[in-house]
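Next comes run.txt, with compact mmCIF, C-alpha atoms and all ligand atoms.
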# COMPACT_ATOMS: atom_id res chain seq x y z
CA MET Q 233 31.30 62.62 46.42
CA THR Q 234 32.93 59.54 47.86
CA ASP Q 235 29.38 58.45 48.43
CA LEU Q 236 28.65 58.40 44.73
CA ASP Q 237 31.97 56.76 43.93
CA THR Q 238 31.05 53.90 46.24
CA LEU Q 239 27.64 53.58 44.62
CA ARG Q 240 29.29 53.64 41.25
CA SER Q 241 31.80 50.89 41.96
CA THR Q 242 29.23 48.78 43.83
CA TYR Q 243 26.70 48.80 41.03
CA LEU Q 244 29.14 48.47 38.17
CA ALA Q 245 30.58 45.42 39.94
CA ARG Q 246 27.10 43.95 40.49
CA VAL Q 247 26.27 44.53 36.82
CA ALA Q 248 29.45 42.78 35.80
CA ASP Q 249 28.68 39.86 38.12
CA ALA Q 250 25.06 39.35 37.03
CA SER Q 251 24.93 35.89 35.52
CA ASP Q 252 21.54 36.05 33.86
CA ALA Q 253 18.65 38.34 32.88
CA ASN Q 254 16.91 37.96 36.27
CA ALA Q 255 20.00 38.84 38.28
CA LEU Q 256 20.57 41.84 36.02
CA GLU Q 257 17.01 43.02 36.52
CA GLU Q 258 17.51 42.84 40.29
CA VAL Q 259 20.55 45.06 39.98
CA ARG Q 260 18.58 47.54 37.84
CA LEU Q 261 15.76 47.72 40.37
CA ALA Q 262 18.20 48.15 43.28
CA ALA Q 263 19.92 51.06 41.53
CA LEU Q 264 17.45 52.73 39.19
CA GLY Q 265 14.06 51.34 40.22
CA LYS Q 266 11.51 53.61 41.94
CA LYS Q 267 12.98 52.74 45.29
CA GLY Q 268 16.49 52.19 43.97
CA GLU Q 269 19.41 53.79 45.75
CA ILE Q 270 20.18 56.24 42.96
CA SER Q 271 16.53 57.18 42.52
CA LEU Q 272 16.31 57.90 46.27
CA LYS Q 273 19.44 60.04 46.04
CA MET Q 274 17.84 62.02 43.25
CA ARG Q 275 14.84 62.68 45.40
CA GLU Q 276 17.11 64.20 48.03
CA LEU Q 277 18.13 66.90 45.52
CA GLY Q 278 14.97 68.82 46.44
CA GLN Q 279 16.26 69.57 49.88
CA MET Q 280 19.61 70.89 48.68
CA SER Q 281 20.71 74.42 48.07
CA PRO Q 282 20.67 75.47 44.39
CA GLU Q 283 24.47 75.30 44.08
CA GLU Q 284 24.71 71.93 45.73
CA ARG Q 285 21.82 70.67 43.66
CA GLN Q 286 23.56 71.71 40.45
CA THR Q 287 26.78 69.81 41.09
CA THR Q 288 25.26 66.80 42.85
CA GLY Q 289 22.43 66.63 40.29
CA ALA Q 290 24.85 66.59 37.36
CA ALA Q 291 26.99 63.94 39.05
CA LEU Q 292 23.93 61.80 39.82
CA ASN Q 293 22.73 62.06 36.21
CA ARG Q 294 26.11 60.94 34.95
CA LEU Q 295 26.13 58.08 37.43
CA ARG Q 296 22.62 57.03 36.42
CA ASP Q 297 23.53 57.16 32.71
CA GLU Q 298 26.72 55.23 33.33
CA ILE Q 299 24.96 52.45 35.23
CA ASP Q 300 22.14 52.42 32.70
CA ALA Q 301 24.66 52.01 29.87
CA ALA Q 302 26.42 49.22 31.80
CA LEU Q 303 23.06 47.45 32.31
CA ARG Q 304 22.23 47.65 28.61
CA GLY Q 305 25.66 46.47 27.58
CA LYS Q 306 25.48 43.56 29.98
CA LYS Q 307 21.99 42.67 28.74
CA VAL Q 308 23.22 42.40 25.17
CA ALA Q 309 26.25 40.39 26.30
CA LEU Q 310 24.04 37.96 28.25
CA GLU Q 311 21.70 37.53 25.26
CA ASP Q 312 24.62 36.89 22.95
CA ALA Q 313 26.05 34.32 25.35
CA ALA Q 314 22.65 32.61 25.66
CA LEU Q 315 22.33 32.44 21.88
CA ASP Q 316 25.86 31.06 21.54
CA ALA Q 317 25.08 28.39 24.12
CA ARG Q 318 21.88 27.45 22.33
CA LEU Q 319 23.58 27.25 18.97
CA ARG Q 320 26.23 25.01 20.48
CA GLU Q 321 23.64 22.79 22.09
CA GLU Q 322 21.20 22.59 19.19
CA TRP Q 323 23.85 21.93 16.62
CA LEU Q 324 22.58 19.68 13.90
CA ASP Q 325 24.53 17.67 11.35
CA VAL Q 326 22.39 17.93 8.26
CA THR Q 327 24.77 15.62 6.40
CA LEU Q 328 23.91 12.61 8.59
CA PRO Q 329 22.02 9.84 6.74
CA GLY Q 330 18.27 9.77 7.45
CA ARG Q 331 16.73 7.23 9.77
CA PRO Q 332 14.99 4.55 7.71
CA ARG Q 333 11.20 4.54 8.05
CA PRO Q 334 9.44 1.21 8.25
CA ALA Q 335 7.81 0.60 4.88
CA GLY Q 336 5.26 -2.07 4.04
CA THR Q 337 5.46 -4.29 0.99
CA ILE Q 338 3.06 -5.20 -1.79
CA HIS Q 339 1.71 -8.73 -1.30
CA PRO Q 340 2.64 -11.16 -4.11
CA VAL Q 341 -1.07 -11.68 -4.83
CA SER Q 342 -1.55 -7.93 -5.36
CA GLN Q 343 1.61 -7.72 -7.43
CA VAL Q 344 0.66 -10.64 -9.66
CA THR Q 345 -2.93 -9.37 -10.03
CA GLU Q 346 -1.47 -6.07 -11.27
CA GLU Q 347 0.89 -7.87 -13.64
CA VAL Q 348 -1.90 -10.04 -15.08
CA THR Q 349 -4.19 -7.03 -15.44
CA ALA Q 350 -1.48 -5.03 -17.23
CA ILE Q 351 -0.74 -7.83 -19.69
CA PHE Q 352 -4.40 -8.43 -20.57
CA ALA Q 353 -5.06 -4.68 -20.71
CA ASP Q 354 -2.44 -4.60 -23.48
CA MET Q 355 -4.57 -7.14 -25.34
CA GLY Q 356 -7.72 -5.07 -24.98
CA PHE Q 357 -9.27 -6.72 -21.93
CA SER Q 358 -10.94 -4.56 -19.30
CA VAL Q 359 -11.55 -5.57 -15.69
CA ALA Q 360 -14.98 -6.79 -14.53
CA GLU Q 361 -16.10 -7.43 -10.97
CA GLY Q 362 -18.74 -9.37 -9.11
CA PRO Q 363 -19.73 -9.98 -5.47
CA GLN Q 364 -17.96 -12.55 -3.30
CA VAL Q 365 -21.27 -13.50 -1.70
CA GLU Q 366 -23.02 -14.73 -4.81
CA SER Q 367 -26.43 -16.26 -5.49
CA ASP Q 368 -26.27 -19.94 -6.35
CA TRP Q 369 -27.88 -19.10 -9.68
CA PHE Q 370 -24.88 -17.01 -10.79
CA ASN Q 371 -22.34 -19.36 -9.21
CA PHE Q 372 -23.89 -22.58 -10.60
CA ASP Q 373 -27.15 -22.60 -12.61
CA ALA Q 374 -26.23 -19.87 -15.09
CA LEU Q 375 -22.94 -21.69 -15.69
CA ASN Q 376 -24.81 -24.84 -16.72
CA ILE Q 377 -24.34 -26.52 -13.34
CA PRO Q 378 -27.92 -27.53 -12.36
CA PRO Q 379 -28.67 -28.52 -8.73
CA GLU Q 380 -28.16 -32.26 -9.26
CA HIS Q 381 -24.88 -31.77 -11.17
CA PRO Q 382 -21.90 -33.54 -9.53
CA ALA Q 383 -19.76 -30.42 -9.98
CA ARG Q 384 -21.74 -28.82 -7.16
CA GLN Q 385 -20.31 -31.35 -4.73
CA GLU Q 386 -16.81 -31.04 -6.15
CA HIS Q 387 -16.77 -27.35 -5.36
CA ASP Q 388 -16.78 -27.83 -1.56
CA THR Q 389 -19.05 -24.84 -1.29
CA PHE Q 390 -19.55 -22.54 1.70
CA PHE Q 391 -23.28 -21.83 1.94
CA MET Q 392 -24.65 -18.68 3.54
CA ALA Q 393 -26.87 -19.36 6.55
CA ARG Q 394 -30.58 -18.94 5.82
CA ALA Q 395 -33.36 -18.31 8.28
CA ALA Q 396 -36.47 -20.44 7.73
CA GLY Q 397 -38.77 -18.64 5.31
CA ASP Q 398 -36.10 -16.25 4.01
CA PRO Q 399 -37.56 -15.18 0.63
CA ARG Q 400 -34.16 -14.36 -0.90
CA PRO Q 401 -32.53 -16.89 -3.22
CA PRO Q 402 -29.85 -19.11 -1.64
CA HIS Q 403 -26.38 -17.59 -1.59
CA VAL Q 404 -22.89 -19.05 -1.43
CA LEU Q 405 -19.35 -17.71 -1.14
CA ARG Q 406 -18.45 -17.84 -4.81
CA THR Q 407 -16.42 -20.96 -5.55
CA HIS Q 408 -14.85 -19.48 -8.69
CA THR Q 409 -14.71 -16.22 -10.65
CA SER Q 410 -16.79 -17.71 -13.48
CA PRO Q 411 -20.08 -16.07 -12.29
CA VAL Q 412 -18.51 -12.73 -13.25
CA GLN Q 413 -18.75 -13.95 -16.88
CA ILE Q 414 -22.55 -13.95 -16.53
CA ARG Q 415 -22.68 -10.58 -14.79
CA ALA Q 416 -20.36 -8.96 -17.35
CA MET Q 417 -22.38 -10.27 -20.30
CA GLN Q 418 -25.66 -9.18 -18.68
CA ASP Q 419 -24.22 -5.69 -18.09
CA GLN Q 420 -22.31 -5.15 -21.33
CA GLY Q 421 -23.73 -7.61 -23.85
CA ALA Q 422 -21.57 -8.76 -26.76
CA PRO Q 423 -18.95 -8.32 -28.10
CA ILE Q 424 -16.99 -8.27 -24.86
CA ARG Q 425 -13.44 -8.82 -23.65
CA VAL Q 426 -12.95 -8.88 -19.88
CA ILE Q 427 -10.87 -10.41 -17.14
CA ALA Q 428 -12.17 -10.77 -13.59
CA PRO Q 429 -9.57 -11.21 -10.86
CA GLY Q 430 -10.79 -11.82 -7.32
CA ARG Q 431 -11.23 -13.93 -4.23
CA VAL Q 432 -12.94 -17.29 -4.26
CA TYR Q 433 -13.75 -19.75 -1.47
CA ARG Q 434 -13.75 -23.52 -1.03
CA MET Q 435 -13.72 -25.79 2.00
CA ASP Q 436 -10.20 -27.09 1.53
CA MET Q 437 -6.89 -26.78 3.38
CA ASP Q 438 -3.47 -28.30 2.72
CA GLN Q 439 -0.10 -27.22 1.31
CA THR Q 440 -1.64 -26.21 -2.00
CA HIS Q 441 -5.18 -25.30 -0.89
CA THR Q 442 -6.57 -22.59 1.37
CA PRO Q 443 -10.28 -21.91 2.06
CA MET Q 444 -9.87 -18.54 0.33
CA PHE Q 445 -7.74 -18.10 -2.76
CA HIS Q 446 -7.60 -16.02 -5.91
CA GLN Q 447 -8.57 -16.64 -9.50
CA VAL Q 448 -8.63 -14.60 -12.64
CA GLU Q 449 -11.37 -15.28 -15.16
CA GLY Q 450 -11.06 -14.37 -18.82
CA LEU Q 451 -13.88 -13.99 -21.32
CA THR Q 452 -13.92 -13.04 -24.99
CA ILE Q 453 -17.19 -13.02 -26.94
CA GLY Q 454 -17.36 -11.98 -30.56
CA GLN Q 455 -18.00 -13.34 -34.03
CA GLY Q 456 -15.74 -15.93 -35.63
CA ILE Q 457 -13.94 -16.59 -32.34
CA SER Q 458 -12.34 -20.04 -32.11
CA MET Q 459 -9.99 -22.14 -29.98
CA ALA Q 460 -7.16 -20.68 -32.09
CA ASN Q 461 -7.82 -17.25 -30.56
CA LEU Q 462 -7.84 -18.81 -27.11
CA LYS Q 463 -4.51 -20.52 -27.76
CA TRP Q 464 -2.84 -17.37 -29.07
CA THR Q 465 -4.14 -15.27 -26.19
CA LEU Q 466 -2.89 -17.69 -23.55
CA GLU Q 467 0.50 -18.11 -25.22
CA GLU Q 468 0.97 -14.36 -25.42
CA PHE Q 469 -0.03 -14.05 -21.81
CA CYS Q 470 2.41 -16.74 -20.63
CA ARG Q 471 5.29 -15.27 -22.63
CA ALA Q 472 4.75 -11.87 -21.06
CA PHE Q 473 3.95 -13.10 -17.57
CA PHE Q 474 6.79 -15.60 -17.19
CA GLU Q 475 9.15 -13.33 -19.13
CA VAL Q 476 10.42 -16.03 -21.49
CA ASP Q 477 10.54 -15.82 -25.29
CA GLU Q 478 9.52 -19.40 -25.91
CA VAL Q 479 6.63 -20.96 -24.06
CA GLU Q 480 4.95 -24.17 -25.02
CA LEU Q 481 1.40 -24.88 -23.95
CA ARG Q 482 -0.31 -28.25 -24.05
CA PHE Q 483 -4.07 -28.33 -24.42
CA ARG Q 484 -5.54 -31.41 -22.78
CA ALA Q 485 -9.16 -32.31 -23.48
CA SER Q 486 -11.16 -31.91 -20.29
CA HIS Q 487 -14.65 -31.18 -19.11
CA PHE Q 488 -16.26 -28.15 -17.57
CA PRO Q 489 -20.04 -27.68 -17.61
CA PHE Q 490 -19.70 -24.08 -18.84
CA THR Q 491 -17.45 -24.75 -21.85
CA GLU Q 492 -17.68 -27.02 -24.88
CA PRO Q 493 -15.13 -28.10 -25.88
CA SER Q 494 -13.05 -27.73 -22.73
CA ALA Q 495 -9.33 -27.91 -22.25
CA GLU Q 496 -6.95 -27.86 -19.37
CA VAL Q 497 -3.73 -26.10 -20.22
CA ASP Q 498 -0.26 -27.21 -19.14
CA ILE Q 499 2.96 -25.28 -19.59
CA ARG Q 500 6.32 -26.89 -20.44
CA CYS Q 501 8.84 -26.61 -17.64
CA SER Q 502 11.79 -28.22 -15.92
CA TRP Q 503 12.62 -28.75 -12.27
CA GLU Q 504 16.39 -29.07 -12.71
CA GLY Q 505 18.29 -28.59 -9.46
CA GLY Q 506 15.06 -28.02 -7.60
CA THR Q 507 14.30 -24.74 -9.35
CA LEU Q 508 11.45 -24.34 -11.76
CA LYS Q 509 12.21 -23.14 -15.28
CA ILE Q 510 9.31 -22.26 -17.53
CA GLY Q 511 9.56 -22.86 -21.27
CA GLN Q 512 12.07 -25.75 -21.36
CA GLY Q 513 12.43 -29.27 -20.01
CA ASP Q 514 10.38 -32.45 -19.93
CA SER Q 515 7.76 -31.63 -17.30
CA TRP Q 516 4.31 -30.13 -17.66
CA LEU Q 517 2.51 -27.97 -15.13
CA GLU Q 518 -1.22 -27.42 -15.21
CA ILE Q 519 -1.96 -23.70 -15.01
CA LEU Q 520 -5.56 -23.18 -16.04
CA GLY Q 521 -8.91 -24.41 -17.32
CA SER Q 522 -10.49 -23.08 -20.49
CA GLY Q 523 -12.78 -23.71 -23.41
CA MET Q 524 -15.40 -22.33 -25.79
CA VAL Q 525 -18.26 -20.77 -23.85
CA HIS Q 526 -21.23 -23.19 -23.74
CA PRO Q 527 -24.32 -21.97 -25.66
CA LYS Q 528 -26.42 -22.44 -22.52
CA VAL Q 529 -24.13 -20.03 -20.65
CA LEU Q 530 -24.55 -17.40 -23.38
CA GLU Q 531 -28.31 -17.90 -23.22
CA ALA Q 532 -28.40 -17.55 -19.45
CA ALA Q 533 -26.54 -14.25 -19.80
CA GLY Q 534 -28.87 -12.95 -22.50
CA VAL Q 535 -26.44 -13.33 -25.42
CA ASP Q 536 -27.71 -15.05 -28.60
CA PRO Q 537 -25.56 -18.18 -29.19
CA ASN Q 538 -26.61 -18.24 -32.86
CA VAL Q 539 -24.83 -14.93 -33.40
CA TRP Q 540 -22.04 -14.89 -30.83
CA GLN Q 541 -19.45 -17.27 -29.56
CA GLY Q 542 -16.25 -17.00 -27.59
CA PHE Q 543 -13.74 -18.48 -25.21
CA ALA Q 544 -13.24 -18.38 -21.46
CA PHE Q 545 -10.52 -19.39 -19.07
CA GLY Q 546 -9.93 -19.50 -15.33
CA MET Q 547 -6.52 -19.40 -13.70
CA GLY Q 548 -5.29 -19.53 -10.10
CA ILE Q 549 -3.52 -16.26 -9.28
CA ASP Q 550 -1.83 -17.64 -6.16
CA ARG Q 551 -0.66 -20.62 -8.16
CA ILE Q 552 0.99 -18.62 -10.93
CA ALA Q 553 2.48 -16.31 -8.27
CA MET Q 554 4.06 -19.36 -6.59
CA LEU Q 555 5.42 -20.52 -9.96
CA LYS Q 556 6.82 -17.17 -11.06
CA TYR Q 557 8.37 -16.17 -7.75
CA GLY Q 558 9.33 -19.59 -6.39
CA ILE Q 559 7.09 -19.50 -3.32
CA PRO Q 560 6.72 -23.04 -1.93
CA ASP Q 561 3.72 -23.02 0.43
CA LEU Q 562 0.34 -21.49 -0.40
CA ARG Q 563 -0.82 -21.34 3.21
CA ALA Q 564 1.94 -18.84 4.06
CA PHE Q 565 0.30 -16.39 1.62
CA PHE Q 566 -2.46 -15.68 4.11
CA GLU Q 567 -0.72 -15.98 7.48
CA SER Q 568 0.41 -12.34 7.54
CA ASP Q 569 3.82 -13.32 8.91
CA LEU Q 570 5.88 -10.12 8.66
CA ARG Q 571 9.08 -12.01 7.86
CA TRP Q 572 7.35 -13.74 4.96
CA LEU Q 573 5.78 -10.49 3.76
CA ARG Q 574 9.16 -8.72 3.83
CA HIS Q 575 10.85 -11.57 2.00
CA TYR Q 576 8.30 -12.17 -0.74
CA GLY Q 577 6.67 -8.73 -0.82
CA PHE Q 578 7.39 -6.10 -3.46
CA ALA Q 579 8.46 -2.49 -3.05
CA ALA Q 580 5.73 0.01 -3.83
CA GLY Q 581 7.78 1.30 -6.77
CA ASP Q 582 8.06 -2.09 -8.49
CA VAL Q 583 6.12 -1.51 -11.66
CA PRO Q 584 4.21 -4.53 -12.93
CA SER Q 585 6.47 -5.73 -15.67
CA VAL Q 586 5.40 -6.58 -19.16
CA ALA Q 587 9.09 -7.18 -19.84
CA GLY Q 588 8.57 -10.06 -22.24
CA GLY Q 589 6.51 -7.71 -24.34
CA LEU Q 590 3.69 -8.81 -26.57
CA SER Q 591 4.67 -9.95 -30.04
CA ARG Q 592 1.92 -8.56 -32.18
N1 LIG Q 601 -14.18 -22.12 -12.95
C1 LIG Q 601 -13.21 -23.17 -13.08
C2 LIG Q 601 -12.69 -23.55 -11.71
O1 LIG Q 601 -12.83 -22.84 -10.80
C3 LIG Q 601 -12.05 -22.71 -13.91
C4 LIG Q 601 -12.45 -22.52 -15.34
C5 LIG Q 601 -12.37 -23.55 -16.23
C6 LIG Q 601 -12.88 -21.27 -15.75
C7 LIG Q 601 -12.73 -23.38 -17.54
C8 LIG Q 601 -13.26 -21.10 -17.07
C9 LIG Q 601 -13.17 -22.16 -17.96
O2 LIG Q 601 -13.69 -19.90 -17.53
O3 LIG Q 601 -13.52 -21.97 -19.26
O4 LIG Q 601 -12.11 -24.62 -11.57

Write out the structure in this file as structure tokens.
Ligand code: DAH
Amino acid sequence: MTDLDTLRSTYLARVADASDANALEEVRLAALGKKGEISLKMRELGQMSPEERQTTGAALNRLRDEIDAALRGKKVALEDAALDARLREEWLDVTLPGRPRPAGTIHPVSQVTEEVTAIFADMGFSVAEGPQVESDWFNFDALNIPPEHPARQEHDTFFMARAAGDPRPPHVLRTHTSPVQIRAMQDQGAPIRVIAPGRVYRMDMDQTHTPMFHQVEGLTIGQGISMANLKWTLEEFCRAFFEVDEVELRFRASHFPFTEPSAEVDIRCSWEGGTLKIGQGDSWLEILGSGMVHPKVLEAAGVDPNVWQGFAFGMGIDRIAMLKYGIPDLRAFFESDLRWLRHYGFAAGDVPSVAGGLSR
């Protein structure tokens, strides 16, 4: 029996020493595997006398069960230890603040376009669109700017290249949003109330000019429409846009081929201490061109000028963005400098404000 006692202490010690699942499995195979020491001993039972077999067999069974139980116990202990180690290692502080994700910003032009759209939407204007590559008929002729008209030169137009014999009409990059007036009237007829924000192009580049910039066109056609309606609409817009209760607009007689009469509109402001204040002071800032839509423009768009009349205006979006948000250089708008975009950009959640409200 000393034999079995040795086996017993050897294997129980090896089980206790096993440091991981693989080592433990080795011990199991060495003891209880097909060719394990205890299994071999059991095979020897066959050659024993019945009496011997009975005692040795019972002792071997106990030994096998004991080692088996030790193996199982150790297996559970190893698994528990492994789990403890993992929990220690993978410990996570869910109360730590999150890592900030890089977030883009809304470009001032987009923000101001949304603001302008929201304010005019409140006054019943919907948004109309037209192509940026426009035929010269829509960009000029239909707006009462015939080929020999000096305004064509003043527009510093980009012309689309044309192959000799190209049967299509000449096209330009639209120099203003005014052609959308024609398209909107052709599509919807009268009465109509639309604004048309979008990109326009002119060959020009300095601190206040870029070859591409943004305008918003406004058009109202109805019956009994006069300059008074134009004045009220623009005043309401400026109050809401610049978020001041009192705005004063100055209508200066001017000339545009597509309006008669025409007026350029200035807004009262001050530059005290280098910062611009809208609504007070002794300075005037030009913000837009406007007028009563010329009968020839109505005709070109298929609207009867004997029945309908209305007003139109065109305003620089980039310009009013610079005024409202104190942005000094127009060129920076389109340089995509991340520092500039972060500084002047808006968070996605900034709702276009109509804070001034419309006094109706
Ligand atoms: N289209 C003109 C420009 O680009 C702006 C303008 C002036 C638009 C008078 C109008 C208007 O609708 O009535 O300079």

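Using only C-alpha atoms and all ligand atoms, we find that the residues with an atom at most 7 Å from any atom of ligand LIG 601 (chain Q) are Thr407, His408, Thr409, Ser410, Glu449, Gly450, Phe488, Phe490, Thr491, Ser494, Leu520, Gly521, Ser522, Gly523, Met524, Val525, Phe543, Ala544, Phe545, Gly546 and Met547 of chain Q.
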
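What separates CA of Gly421 (chain Q) from CA of Ala533 (chain Q) is a distance of 8.3 Å.
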
Shell around Ser251 (chain Q) at 12 Å using all atoms listed in the file, local window under 4 positions removed, as a VMD selection string: chain Q and resid 245 to 247 255 to 259 306 to 307 309 to 311 313 to 314

Convert the current residue selection to file output with C-alpha atoms, as a PDB file, keeping the file's coordinate frame.
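The result, written out as again13.pdb:
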ATOM      1  CA  ALA Q 245      30.580  45.420  39.940  1.00  0.00           C
ATOM      2  CA  ARG Q 246      27.100  43.950  40.490  1.00  0.00           C
ATOM      3  CA  VAL Q 247      26.270  44.530  36.820  1.00  0.00           C
ATOM      4  CA  ALA Q 255      20.000  38.840  38.280  1.00  0.00           C
ATOM      5  CA  LEU Q 256      20.570  41.840  36.020  1.00  0.00           C
ATOM      6  CA  GLU Q 257      17.010  43.020  36.520  1.00  0.00           C
ATOM      7  CA  GLU Q 258      17.510  42.840  40.290  1.00  0.00           C
ATOM      8  CA  VAL Q 259      20.550  45.060  39.980  1.00  0.00           C
ATOM      9  CA  LYS Q 306      25.480  43.560  29.980  1.00  0.00           C
ATOM     10  CA  LYS Q 307      21.990  42.670  28.740  1.00  0.00           C
ATOM     11  CA  ALA Q 309      26.250  40.390  26.300  1.00  0.00           C
ATOM     12  CA  LEU Q 310      24.040  37.960  28.250  1.00  0.00           C
ATOM     13  CA  GLU Q 311      21.700  37.530  25.260  1.00  0.00           C
ATOM     14  CA  ALA Q 313      26.050  34.320  25.350  1.00  0.00           C
ATOM     15  CA  ALA Q 314      22.650  32.610  25.660  1.00  0.00           C
TER      16      ALA Q 314
END

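Picture a line from CA of Phe370 (chain Q) to CA of Arg415 (chain Q); it runs 7.9 Å.
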
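The gap separating CA of Pro489 (chain Q) from CA of Val426 (chain Q) is 20.2 Å, in Å to one decimal.
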
Shell around Glu567 (chain Q) at 12 Å using all atoms listed in the file, local window under 5 positions removed, as a ChimeraX atom specification: /Q:339,442,444,561-562,572-573

Export of the given selection (C-alpha atoms) as a PDB file, in the frame of the given file:
ATOM      1  CA  HIS Q 339       1.710  -8.730  -1.300  1.00  0.00           C
ATOM      2  CA  THR Q 442      -6.570 -22.590   1.370  1.00  0.00           C
ATOM      3  CA  MET Q 444      -9.870 -18.540   0.330  1.00  0.00           C
ATOM      4  CA  ASP Q 561       3.720 -23.020   0.430  1.00  0.00           C
ATOM      5  CA  LEU Q 562       0.340 -21.490  -0.400  1.00  0.00           C
ATOM      6  CA  TRP Q 572       7.350 -13.740   4.960  1.00  0.00           C
ATOM      7  CA  LEU Q 573       5.780 -10.490   3.760  1.00  0.00           C
TER       8      LEU Q 573
END

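By all atoms listed in the file, and with residues fewer than 3 positions from region 263-273 of chain Q along its chain excluded, the set lying at most 10 Å from it is Q:Leu236, Q:Leu239, Q:Arg240, Q:Thr242, Q:Tyr243, Q:Glu257, Q:Glu258, Q:Val259, Q:Arg260, Q:Glu276, Q:Leu277, Q:Gly278, Q:Thr288, Q:Gly289, Q:Leu292, Q:Asn293, Q:Leu295, Q:Arg296, Q:Asp297, Q:Ile299, Q:Asp300.
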
Protein, DNA and RNA residues within 10 Å of (-5.7, -23.1, 6.3), all atoms listed in the file, as a ChimeraX atom specification: /Q:435-444,562-564,566-567

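Residue nearest Glu475 (chain Q) within the list Q:Glu347, Q:Leu517, Q:Asp252, Q:Val359: Q:Glu347 [criterion: smallest interatomic distance, all atoms listed in the file].
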
Which residue of Q:Pro334, Q:Tyr576, Q:Pro560, Q:Pro402 approaches Pro379 (chain Q) most closely, using all atoms listed in the file: Q:Pro402

Pick from Q:Gly430, Q:Ile510, Q:Gly542, Q:Ser358, whichever lies nearest to Thr452 (chain Q) using all atoms listed in the file: Q:Gly542

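Within the 10 Å cut-off around Ala335 (chain Q), using only C-alpha atoms and omitting residues fewer than 2 positions from it on the same chain, the listed residues are Pro332, Arg333, Thr337, Arg574, Ala579 and Ala580 of chain Q.
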
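You can rank Q:Ala532, Q:Leu319, Q:Ala395, Q:Leu508 by their closest distance to Asp373 (chain Q) using only C-alpha atoms, and at the top of that list sits Q:Ala532.
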
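Each of Q:Ser281, Q:Gly454, Q:Gly577, Q:Met417 was compared to Ala374 (chain Q) using all atoms listed in the file, and Q:Met417 turns out to be the nearest.
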
Given all atoms listed in the file as the counted atoms, nearest of Q:Ile457, Q:Met392, Q:Ala248, Q:Leu375 to Pro527 (chain Q): Q:Leu375

Contact residues around Ile499 (chain Q) with all atoms listed in the file at 6 Å, ignoring same-chain residues under 6 positions, as an MDAnalysis selection string: chainID Q and resid 480:481 516:517

If I wrap all listed atoms of region 503-515 of chain Q in a box with edges along x, y and z and add 5 Å on each side, what are its centre and edge lengths in Å to one decimal, as AutoDock Vina command-line options?
--center_x 13.0 --center_y -27.4 --center_z -14.5 --size_x 20.5 --size_y 20.2 --size_z 23.8

Could region 414-449 of chain Q be written out with C-alpha atoms, as a PDB file, in the first residue's frame, please?
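Once everything was written out, this is selection_34.pdb:
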ATOM      1  CA  ILE Q 414     -37.087  84.932 -64.317  1.00  0.00           C
ATOM      2  CA  ARG Q 415     -36.995  81.185 -63.711  1.00  0.00           C
ATOM      3  CA  ALA Q 416     -39.304  81.423 -60.688  1.00  0.00           C
ATOM      4  CA  MET Q 417     -41.859  83.546 -62.568  1.00  0.00           C
ATOM      5  CA  GLN Q 418     -41.727  81.207 -65.585  1.00  0.00           C
ATOM      6  CA  ASP Q 419     -42.289  78.198 -63.292  1.00  0.00           C
ATOM      7  CA  GLN Q 420     -44.856  79.617 -60.879  1.00  0.00           C
ATOM      8  CA  GLY Q 421     -46.404  82.637 -62.578  1.00  0.00           C
ATOM      9  CA  ALA Q 422     -47.927  85.400 -60.461  1.00  0.00           C
ATOM     10  CA  PRO Q 423     -48.603  86.156 -57.667  1.00  0.00           C
ATOM     11  CA  ILE Q 424     -45.296  84.985 -56.243  1.00  0.00           C
ATOM     12  CA  ARG Q 425     -43.108  85.588 -53.208  1.00  0.00           C
ATOM     13  CA  VAL Q 426     -39.664  83.979 -53.290  1.00  0.00           C
ATOM     14  CA  ILE Q 427     -36.105  84.428 -52.146  1.00  0.00           C
ATOM     15  CA  ALA Q 428     -33.186  82.833 -53.980  1.00  0.00           C
ATOM     16  CA  PRO Q 429     -29.948  82.452 -52.023  1.00  0.00           C
ATOM     17  CA  GLY Q 430     -26.918  81.095 -53.847  1.00  0.00           C
ATOM     18  CA  ARG Q 431     -23.453  81.384 -55.312  1.00  0.00           C
ATOM     19  CA  VAL Q 432     -22.533  83.970 -57.898  1.00  0.00           C
ATOM     20  CA  TYR Q 433     -19.283  84.638 -59.763  1.00  0.00           C
ATOM     21  CA  ARG Q 434     -17.339  87.690 -60.912  1.00  0.00           C
ATOM     22  CA  MET Q 435     -13.737  88.241 -61.964  1.00  0.00           C
ATOM     23  CA  ASP Q 436     -12.710  90.272 -58.940  1.00  0.00           C
ATOM     24  CA  MET Q 437     -10.380  89.791 -55.977  1.00  0.00           C
ATOM     25  CA  ASP Q 438      -9.457  92.078 -53.079  1.00  0.00           C
ATOM     26  CA  GLN Q 439     -10.277  92.459 -49.382  1.00  0.00           C
ATOM     27  CA  THR Q 440     -13.980  92.818 -50.084  1.00  0.00           C
ATOM     28  CA  HIS Q 441     -14.289  90.836 -53.328  1.00  0.00           C
ATOM     29  CA  THR Q 442     -13.790  87.172 -54.183  1.00  0.00           C
ATOM     30  CA  PRO Q 443     -14.413  85.538 -57.594  1.00  0.00           C
ATOM     31  CA  MET Q 444     -17.213  83.510 -55.994  1.00  0.00           C
ATOM     32  CA  PHE Q 445     -19.553  84.989 -53.421  1.00  0.00           C
ATOM     33  CA  HIS Q 446     -23.137  84.683 -52.244  1.00  0.00           C
ATOM     34  CA  GLN Q 447     -26.264  86.700 -52.840  1.00  0.00           C
ATOM     35  CA  VAL Q 448     -29.868  86.391 -51.865  1.00  0.00           C
ATOM     36  CA  GLU Q 449     -32.482  87.619 -54.302  1.00  0.00           C
TER      37      GLU Q 449
END
